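Peer 1: Provided below: input_35.cif, containing mmCIF, C-alpha atoms.
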data_run
loop_
_atom_site.label_atom_id
_atom_site.label_comp_id
_atom_site.auth_asym_id
_atom_site.auth_seq_id
_atom_site.Cartn_x
_atom_site.Cartn_y
_atom_site.Cartn_z
CA MET A 1 214.39 237.59 88.28
CA SER A 2 217.09 240.14 88.45
CA GLY A 3 216.64 241.87 85.08
CA ARG A 4 214.27 244.76 84.51
CA SER A 5 213.01 243.95 81.02
CA ASP A 6 209.48 243.13 79.95
CA ASP A 7 208.50 239.46 80.10
CA LYS A 8 207.49 239.43 76.45
CA GLU A 9 211.17 238.74 75.75
CA ARG A 10 211.32 235.59 77.88
CA GLY A 11 209.93 232.13 77.30
CA PRO A 12 207.57 230.35 79.74
CA ALA A 13 210.28 228.03 81.07
CA GLU A 14 212.55 230.96 81.92
CA ILE A 15 209.73 232.87 83.61
CA LEU A 16 208.70 229.84 85.69
CA ARG A 17 212.30 229.30 86.80
CA ALA A 18 212.58 232.98 87.72
CA ILE A 19 209.34 232.77 89.77
CA ASP A 20 210.67 229.77 91.71
CA ALA A 21 214.00 231.52 92.38
CA GLU A 22 212.26 234.73 93.50
CA GLN A 23 209.95 232.85 95.87
CA LEU A 24 212.85 230.91 97.35
CA HIS A 25 214.77 234.16 97.87
CA ALA A 26 211.77 235.86 99.52
CA GLN A 27 211.01 232.87 101.77
CA SER A 28 214.59 232.60 102.98
CA ALA A 29 214.79 236.36 103.58
CA LEU A 30 211.56 236.43 105.60
CA ALA A 31 211.97 233.19 107.59
CA PRO A 32 214.58 232.67 110.33
CA ASN A 33 217.88 231.15 109.20
CA ALA A 34 217.71 227.51 110.35
CA LYS A 35 221.50 227.07 110.22
CA LEU A 36 222.07 230.03 112.52
CA LEU A 37 219.42 228.81 115.00
CA TYR A 38 220.73 225.22 115.01
CA THR A 39 224.28 226.51 115.58
CA ALA A 40 223.29 228.95 118.35
CA TRP A 41 221.22 226.39 120.26
CA GLY A 42 223.62 223.52 119.58
CA THR A 43 226.50 225.51 121.08
CA ALA A 44 224.35 226.63 124.02
CA TRP A 45 223.28 223.07 124.84
CA VAL A 46 226.81 221.67 124.64
CA VAL A 47 228.22 224.45 126.87
CA LEU A 48 225.29 224.38 129.34
CA PHE A 49 225.13 220.63 129.90
CA LEU A 50 228.88 220.09 129.77
CA ALA A 51 229.43 222.83 132.38
CA LEU A 52 226.76 221.28 134.62
CA TYR A 53 228.19 217.80 134.12
CA LEU A 54 231.66 218.98 135.08
CA ALA A 55 230.14 220.48 138.21
CA TYR A 56 229.07 216.95 139.30
CA VAL A 57 231.89 214.69 138.11
CA PRO A 58 234.09 213.14 139.33
CA VAL A 59 231.65 212.57 142.22
CA GLY A 60 232.93 214.22 145.38
CA GLU A 61 235.69 216.08 143.54
CA PRO A 62 234.07 217.86 140.57
CA VAL A 63 236.07 219.73 137.94
CA LEU A 64 234.00 222.91 138.39
CA PRO A 65 232.27 224.36 141.45
CA LEU A 66 228.46 224.14 141.04
CA PHE A 67 228.20 227.94 141.05
CA ALA A 68 230.65 228.19 138.10
CA GLY A 69 228.78 225.46 136.20
CA LEU A 70 225.47 227.26 136.67
CA LEU A 71 226.99 230.62 135.69
CA ILE A 72 228.57 229.28 132.48
CA GLY A 73 225.37 227.39 131.61
CA ALA A 74 223.15 230.42 132.23
CA GLY A 75 225.49 232.59 130.13
CA ALA A 76 225.32 230.17 127.19
CA PHE A 77 221.53 229.87 127.46
CA ILE A 78 220.93 233.65 127.69
CA THR A 79 223.27 234.27 124.73
CA ALA A 80 221.30 231.78 122.60
CA ILE A 81 217.96 233.36 123.60
CA ALA A 82 219.24 236.87 122.76
CA LEU A 83 220.76 235.76 119.45
CA SER A 84 217.76 233.78 118.20
CA GLY A 85 215.27 236.38 119.48
CA THR A 86 217.05 239.28 117.77
CA HIS A 87 217.49 237.32 114.55
CA SER A 88 213.84 236.16 114.42
CA ALA A 89 212.58 239.69 115.19
CA ARG A 90 214.76 241.15 112.42
CA ARG A 91 213.48 238.62 109.89
CA ALA A 92 209.86 239.35 110.89
CA SER A 93 210.30 243.14 110.74
CA GLY A 94 208.11 244.90 108.20
CA SER A 95 205.56 242.08 108.30
CA ARG A 96 202.03 242.47 109.57
CA GLY A 97 198.91 240.33 109.84
CA PRO A 98 197.52 237.13 111.37
CA SER A 99 200.83 235.23 111.03
CA VAL A 100 202.67 237.82 113.14
CA VAL A 101 200.02 237.62 115.88
CA GLN A 102 200.14 233.81 115.71
CA GLY A 103 203.96 233.96 116.03
CA ALA A 104 203.77 236.33 119.01
CA ILE A 105 201.34 234.05 120.89
CA TYR A 106 203.53 231.05 120.13
CA GLY A 107 206.76 232.84 121.10
CA ASN A 108 205.40 234.11 124.40
CA ILE A 109 204.24 230.68 125.55
CA PHE A 110 207.89 229.58 125.91
CA PRO A 111 208.78 231.88 128.85
CA VAL A 112 205.44 231.04 130.49
CA ALA A 113 206.13 227.30 130.24
CA PHE A 114 209.71 227.71 131.50
CA THR A 115 208.55 229.80 134.45
CA LEU A 116 206.09 227.08 135.40
CA MET A 117 208.82 224.46 134.98
CA GLY A 118 211.13 226.45 137.28
CA LEU A 119 208.44 226.90 139.92
CA LEU A 120 207.60 223.19 139.86
CA GLY A 121 211.30 222.34 140.21
CA TRP A 122 211.62 224.70 143.16
CA ARG A 123 208.51 223.15 144.75
CA LEU A 124 209.88 219.60 144.36
CA THR A 125 213.29 220.62 145.77
CA SER A 126 211.59 222.35 148.70
CA ALA A 127 209.60 219.17 149.35
CA GLY A 128 212.91 217.35 149.90
CA VAL A 129 213.69 215.73 146.55
CA PRO A 130 217.52 215.43 146.49
CA THR A 131 219.34 217.78 144.09
CA ILE A 132 221.00 214.88 142.30
CA THR A 133 217.60 213.22 141.69
CA MET A 134 216.22 216.54 140.45
CA LEU A 135 218.78 216.45 137.62
CA SER A 136 216.47 214.02 135.80
CA TYR A 137 213.73 216.65 136.00
CA TRP A 138 216.01 219.57 134.96
CA VAL A 139 217.03 217.80 131.75
CA ALA A 140 213.81 216.02 130.77
CA ALA A 141 211.34 218.83 131.58
CA PRO A 142 212.87 221.48 129.25
CA CYS A 143 213.24 218.81 126.53
CA LEU A 144 209.54 218.03 126.92
CA ILE A 145 208.50 221.69 126.73
CA VAL A 146 210.74 222.59 123.79
CA GLY A 147 210.09 219.33 121.93
CA VAL A 148 206.31 219.46 122.21
CA LEU A 149 206.09 223.18 121.36
CA PHE A 150 208.36 222.81 118.34
CA VAL A 151 206.44 219.81 116.98
CA ALA A 152 203.20 221.79 117.48
CA GLY A 153 204.84 224.73 115.66
CA ALA A 154 205.80 222.40 112.80
CA ALA A 155 202.17 221.27 112.53
CA MET A 156 200.92 224.88 112.57
CA TRP A 157 203.38 226.26 110.00
CA ASN A 158 204.09 223.12 107.95
CA ASP A 159 207.76 223.70 108.79
CA ARG A 160 210.33 220.92 108.49
CA SER A 161 213.06 222.65 110.53
CA GLN A 162 210.77 222.92 113.58
CA LEU A 163 209.75 219.27 113.19
CA VAL A 164 213.38 218.05 113.05
CA PHE A 165 214.36 220.28 116.00
CA GLY A 166 211.34 219.18 118.06
CA ILE A 167 211.68 215.46 117.44
CA TRP A 168 215.41 215.48 118.19
CA THR A 169 214.71 217.34 121.47
CA LEU A 170 212.10 214.77 122.48
CA VAL A 171 214.52 211.93 121.67
CA ILE A 172 217.13 213.59 123.90
CA GLY A 173 214.50 213.89 126.66
CA LEU A 174 213.85 210.15 126.42
CA ILE A 175 217.57 209.30 126.49
CA SER A 176 218.10 211.57 129.52
CA VAL A 177 215.39 209.71 131.46
CA ALA A 178 217.07 206.40 130.66
CA LEU A 179 220.43 207.57 132.07
CA PRO A 180 221.10 207.84 135.84
CA PRO A 181 221.98 211.33 137.12
CA PRO A 182 224.44 213.06 136.78
CA HIS A 183 225.24 211.16 133.55
CA ASN A 184 221.85 212.16 132.15
CA LEU A 185 223.44 215.60 131.61
CA LEU A 186 225.47 214.01 128.81
CA ALA A 187 222.19 213.51 126.95
CA GLY A 188 221.96 217.31 126.80
CA VAL A 189 225.48 217.47 125.39
CA LEU A 190 224.50 214.86 122.79
CA GLY A 191 221.42 216.97 121.99
CA GLY A 192 223.61 220.00 121.34
CA LEU A 193 225.97 218.00 119.13
CA GLY A 194 222.89 216.82 117.21
CA PHE A 195 221.86 220.45 116.57
CA LEU A 196 225.37 221.28 115.37
CA ALA A 197 225.22 218.26 113.04
CA LEU A 198 221.85 219.53 111.75
CA ALA A 199 223.45 222.93 111.06
CA PHE A 200 226.09 221.14 108.99
CA VAL A 201 223.49 219.05 107.12
CA HIS A 202 221.45 222.20 106.52
CA SER A 203 224.39 223.97 104.88
CA ARG A 204 224.88 220.98 102.53
CA ARG A 205 221.31 219.79 101.89
CA PRO A 206 218.84 222.46 103.11
CA SER A 207 215.84 220.55 101.72
CA LEU A 208 216.43 217.82 104.35
CA THR A 209 216.20 220.14 107.34
CA SER A 210 214.04 223.10 106.27
CA GLY A 211 211.17 224.15 104.02
CA PRO A 212 207.59 222.83 104.02
CA ILE A 213 206.86 219.32 105.33
CA THR A 214 204.21 218.81 102.65
CA ARG A 215 204.13 220.76 99.41
CA GLU A 216 201.04 222.74 98.43
CA HIS A 217 199.41 221.48 95.22
CA GLY A 218 198.15 223.61 92.37
CA GLY A 219 200.37 226.62 93.19
CA MET B 1 204.50 233.83 72.10
CA VAL B 2 202.88 234.46 75.46
CA ASP B 3 200.38 237.20 74.50
CA GLU B 4 197.33 235.55 76.13
CA LEU B 5 198.90 235.85 79.58
CA ASP B 6 197.52 238.43 82.02
CA PRO B 7 199.07 241.73 80.80
CA VAL B 8 199.03 243.24 84.30
CA ILE B 9 201.22 240.50 85.77
CA HIS B 10 203.17 239.86 82.59
CA VAL B 11 205.56 242.73 83.17
CA GLN B 12 208.70 241.64 84.93
CA ALA B 13 208.64 244.24 87.69
CA ARG B 14 204.99 243.54 88.53
CA LEU B 15 205.48 239.78 88.32
CA ARG B 16 208.30 240.08 90.87
CA ILE B 17 206.06 242.06 93.24
CA VAL B 18 203.21 239.54 92.97
CA THR B 19 205.65 236.63 93.33
CA VAL B 20 207.07 237.98 96.61
CA LEU B 21 203.63 238.90 98.02
CA ASP B 22 202.33 235.43 97.18
CA THR B 23 204.85 233.91 99.63
CA LEU B 24 202.91 235.58 102.48
CA LYS B 25 199.96 233.85 104.13
CA PRO B 26 196.50 235.25 103.22
CA GLY B 27 195.81 238.39 105.27
CA ASP B 28 199.50 239.14 105.88
CA SER B 29 201.20 242.20 104.45
CA LEU B 30 204.69 243.65 103.98
CA SER B 31 205.83 247.20 104.61
CA PHE B 32 206.86 249.26 101.58
CA PRO B 33 210.55 249.50 102.64
CA ARG B 34 210.76 245.76 103.31
CA LEU B 35 209.23 244.92 99.95
CA GLN B 36 211.57 247.41 98.29
CA SER B 37 214.64 245.85 99.91
CA LEU B 38 213.52 242.33 98.96
CA LEU B 39 213.07 243.38 95.34
CA ASP B 40 216.07 245.73 95.26
CA VAL B 41 214.23 248.40 93.23
CA THR B 42 213.85 252.15 93.60
CA SER B 43 210.91 253.47 95.59
CA GLY B 44 209.59 255.39 92.54
CA ASN B 45 209.63 252.27 90.38
CA LEU B 46 207.93 250.20 93.09
CA ALA B 47 205.26 252.86 93.70
CA THR B 48 204.46 253.08 89.96
CA HIS B 49 203.95 249.34 89.58
CA LEU B 50 202.05 249.04 92.85
CA ARG B 51 199.62 251.69 91.62
CA ARG B 52 198.94 249.65 88.49
CA LEU B 53 198.46 246.46 90.53
CA GLU B 54 196.15 248.29 92.94
CA GLU B 55 194.04 249.67 90.09
CA SER B 56 193.62 246.11 88.81
CA GLY B 57 192.50 244.95 92.26
CA TYR B 58 195.50 242.64 92.70
CA VAL B 59 197.03 244.33 95.74
CA THR B 60 195.81 246.47 98.60
CA VAL B 61 197.89 249.37 99.85
CA GLU B 62 197.15 250.44 103.40
CA LYS B 63 198.67 253.36 105.27
CA VAL B 64 198.80 252.98 109.07
CA LEU B 65 200.35 254.93 111.90
CA GLU B 66 203.00 253.10 113.90
CA GLY B 67 203.71 255.39 116.82
CA ARG B 68 203.89 258.72 115.00
CA ALA B 69 205.31 257.42 111.75
CA PRO B 70 203.06 256.51 108.82
CA VAL B 71 203.90 253.10 107.34
CA THR B 72 202.55 251.70 104.09
CA TYR B 73 201.68 248.00 104.02
CA ILE B 74 201.04 246.01 100.87
CA SER B 75 199.24 242.70 100.54
CA LEU B 76 197.99 240.49 97.73
CA THR B 77 194.21 240.37 97.38
CA ASP B 78 192.28 237.15 96.73
CA ASP B 79 191.89 238.30 93.11
CA GLY B 80 195.64 238.89 92.88
CA ARG B 81 196.40 235.47 94.32
CA HIS B 82 193.95 233.85 91.90
CA ALA B 83 195.36 235.79 88.93
CA PHE B 84 198.88 234.65 89.85
CA ARG B 85 197.73 231.00 90.00
CA VAL B 86 196.05 231.33 86.59
CA TYR B 87 199.14 233.06 85.18
CA LYS B 88 201.40 230.21 86.30
CA LYS B 89 198.92 227.62 85.02
CA ASN B 90 198.87 229.32 81.60
CA LEU B 91 202.66 229.46 81.56
CA ARG B 92 202.84 225.71 82.22
CA ALA B 93 200.26 225.09 79.47
CA LEU B 94 202.32 227.18 77.06
CA LEU B 95 205.44 225.31 78.06
CA GLU B 96 203.75 221.96 77.36
CA GLN B 97 202.56 223.30 74.00
CA THR B 98 206.04 224.40 72.98
CA THR B 99 207.52 221.09 74.21
CA VAL B 100 205.02 219.09 72.10
CA LEU B 101 205.70 221.26 69.01
#
Before we go any further, please render this structure as structure tokens.

Peer 2:
Amino acid sequence: MSGRSDDKERGPAEILRAIDAEQLHAQSALAPNAKLLYTAWGTAWVVLFLALYLAYVPVGEPVLPLFAGLLIGAGAFITAIALSGTHSARRASGSRGPSVVQGAIYGNIFPVAFTLMGLLGWRLTSAGVPTITMLSYWVAAPCLIVGVLFVAGAAMWNDRSQLVFGIWTLVIGLISVALPPPHNLLAGVLGGLGFLALAFVHSRRPSLTSGPITREHGG
Amino acid sequence: MVDELDPVIHVQARLRIVTVLDTLKPGDSLSFPRLQSLLDVTSGNLATHLRRLEESGYVTVEKVLEGRAPVTYISLTDDGRHAFRVYKKNLRALLEQTTVL
């Protein structure tokens, strides 16, 4: 609907097509860019879990010192948080109402859950659980938090991209539990590669990875 | 050809405004500058058409203070949402009619 003329000049088919195009444009301008988020988090996961893995293997003579692995991993994770947070805030700017409040409550539950996860991990380590055994916890617990929250978000907003992201994260959590540490860290790398693949699929066939899960009738 | 369609919405600029506002959830609103950038129109043009839509009860225009700056927010009313549904339904009916003929 780029012209400025009166609609008396256009036929119903043309107007309906223009409405669909305008709505698609508005929805994509107001919602976060799924390709950007998949790419940011995919890269962060690959870098984080690969750096940690290289800090444990080969056993006894790792490629990276643990400190370096943690530093690289934290850097990748913080970069992804900053990038996705800034992008989502920019897309939501100029909006107001119940959806924004709902989004703020949802967004703020992530740091709360991760803080609790960190405290529980610290408590278990303090109680004497070996660091290598704790690797199962440090991979599966964030997958559980992110996976469950994203699937819940998909149910709340009828959003396919959150559903795909959430389910894939839960699958990675399950795979990580099946693998012995430190090789369970490779599940995180696989998870990141999955997100990068989703970014690729999204650029080719966006309807597969984003948009509503179920279409509204009568609109 | 499409004379029986709602004359308020059946002006391209106003149809575009209603179309964008309809993508928001009920109760949500967009700031004037954001709506303007989405539609890529001048502020004078947008204000003129918003006034007409407001007079018809299709949109609400609310001025609020954010910090010290006044910001105008626009949302589609229930009547506006309903009118847009009816407008699209009538368009589809017209399309079927023309296809049959």

Peer 1: Pull out every residue that the PyMOL selection byres ((chain B) within 6 of (chain A)) matches in the shown coordinates and put them as number ranges by chain.

Peer 2: B: 10-12, 20, 27-31, 34, 91, 95

Peer 1: Keeping C-alpha atoms, export the residues of the selection given above as a PDB file, in the coordinates of the input.

Peer 2:
ATOM      1  CA  HIS B  10     203.170 239.860  82.590  1.00  0.00           C
ATOM      2  CA  VAL B  11     205.560 242.730  83.170  1.00  0.00           C
ATOM      3  CA  GLN B  12     208.700 241.640  84.930  1.00  0.00           C
ATOM      4  CA  VAL B  20     207.070 237.980  96.610  1.00  0.00           C
ATOM      5  CA  GLY B  27     195.810 238.390 105.270  1.00  0.00           C
ATOM      6  CA  ASP B  28     199.500 239.140 105.880  1.00  0.00           C
ATOM      7  CA  SER B  29     201.200 242.200 104.450  1.00  0.00           C
ATOM      8  CA  LEU B  30     204.690 243.650 103.980  1.00  0.00           C
ATOM      9  CA  SER B  31     205.830 247.200 104.610  1.00  0.00           C
ATOM     10  CA  ARG B  34     210.760 245.760 103.310  1.00  0.00           C
ATOM     11  CA  LEU B  91     202.660 229.460  81.560  1.00  0.00           C
ATOM     12  CA  LEU B  95     205.440 225.310  78.060  1.00  0.00           C
TER      13      LEU B  95
END

Peer 1: Name the closest residue to Gly73 (chain A) among the candidates A:Ala55, A:Leu48, A:Leu190, A:Ala89; distances are taken between atoms, counting all atoms listed in the file.

Peer 2: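 Among the listed residues, A:Leu48 lies closest to Gly73 (chain A).
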
Peer 1: What is the CA of Ala76 (chain A) to CA of Gly211 (chain A) distance in Å?

Peer 2: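 A separation of 27.8 Å between them.
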
Peer 1: Measuring between only C-alpha atoms, which one of A:Gly69, A:Pro212, A:Pro62, A:Gly194 shows the shortest distance to Tyr38 (chain A)?

Peer 2: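 Checking each of A:Gly69, A:Pro212, A:Pro62, A:Gly194 against Tyr38 (chain A), counting only C-alpha atoms, the winner is A:Gly194.
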
Peer 1: Nearest to Pro181 (chain A) among A:Val63, A:Leu71, A:Leu124, A:Ala140, with distances taken over only C-alpha atoms: which residue is it?

Peer 2: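 So, comparing all the options, the nearest one is A:Ala140.
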
Peer 1: Could you spell out the hits of the PyMOL selection byres ((chain B and resi 62) around 7) on the shown file, as a list in words?

Peer 2: Thr60, Val61, Lys63, Val64, Thr72, Tyr73 and Ile74 of chain B

Peer 1: Can you translate the PyMOL selection byres ((chain B and resi 54) around 12) into the concrete residues it hits in this file, as a PyMOL selection string?

Peer 2: chain B and resi 8-9+14+17-18+46-53+55-62+74-77+79-80

Peer 1: Scan for residues within 10 Å of the point (217.4, 225.1, 120.8) in the coordinates of the file, using all atoms listed in the file, and reply as a tab-separated table (two decimals) with C-alpha atoms, in the coordinates of the input.

Peer 2:
chain	number	residue	atom	x	y	z
A	37	LEU	CA	219.42	228.81	115.00
A	38	TYR	CA	220.73	225.22	115.01
A	39	THR	CA	224.28	226.51	115.58
A	40	ALA	CA	223.29	228.95	118.35
A	41	TRP	CA	221.22	226.39	120.26
A	42	GLY	CA	223.62	223.52	119.58
A	43	THR	CA	226.50	225.51	121.08
A	44	ALA	CA	224.35	226.63	124.02
A	45	TRP	CA	223.28	223.07	124.84
A	77	PHE	CA	221.53	229.87	127.46
A	80	ALA	CA	221.30	231.78	122.60
A	81	ILE	CA	217.96	233.36	123.60
A	84	SER	CA	217.76	233.78	118.20
A	143	CYS	CA	213.24	218.81	126.53
A	146	VAL	CA	210.74	222.59	123.79
A	147	GLY	CA	210.09	219.33	121.93
A	150	PHE	CA	208.36	222.81	118.34
A	165	PHE	CA	214.36	220.28	116.00
A	166	GLY	CA	211.34	219.18	118.06
A	169	THR	CA	214.71	217.34	121.47
A	191	GLY	CA	221.42	216.97	121.99
A	192	GLY	CA	223.61	220.00	121.34
A	195	PHE	CA	221.86	220.45	116.57

Peer 1: Between A:Ala113, A:Ala34, A:Leu50, A:Leu135, which has the minimum distance to Leu179 (chain A) (counting only C-alpha atoms)?

Peer 2: A:Leu135

Peer 1: Please indicate the distance in Å from CA of Thr125 (chain A) to CA of Ser176 (chain A), rounded to one decimal place.

Peer 2: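 Pair CA of Thr125 (chain A) / CA of Ser176 (chain A) returns 19.2 Å.
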
Peer 1: Show me, as a list in words, the residues that have an atom within 12 Å of Ser203 (chain A) when counting only C-alpha atoms, minus same-chain residues fewer than 5 positions from it.

Peer 2: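 The neighbour list is Asn33, Ala34, Lys35, Leu36, Tyr38, Thr39, Leu196, Ala197, Leu198, Leu208, Thr209 and Ser210 of chain A.
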
Peer 1: Could you tell me how far CA of Ala13 (chain B) lies from CA of Leu38 (chain B), in Å and to one decimal?

Peer 2: 12.4 Å
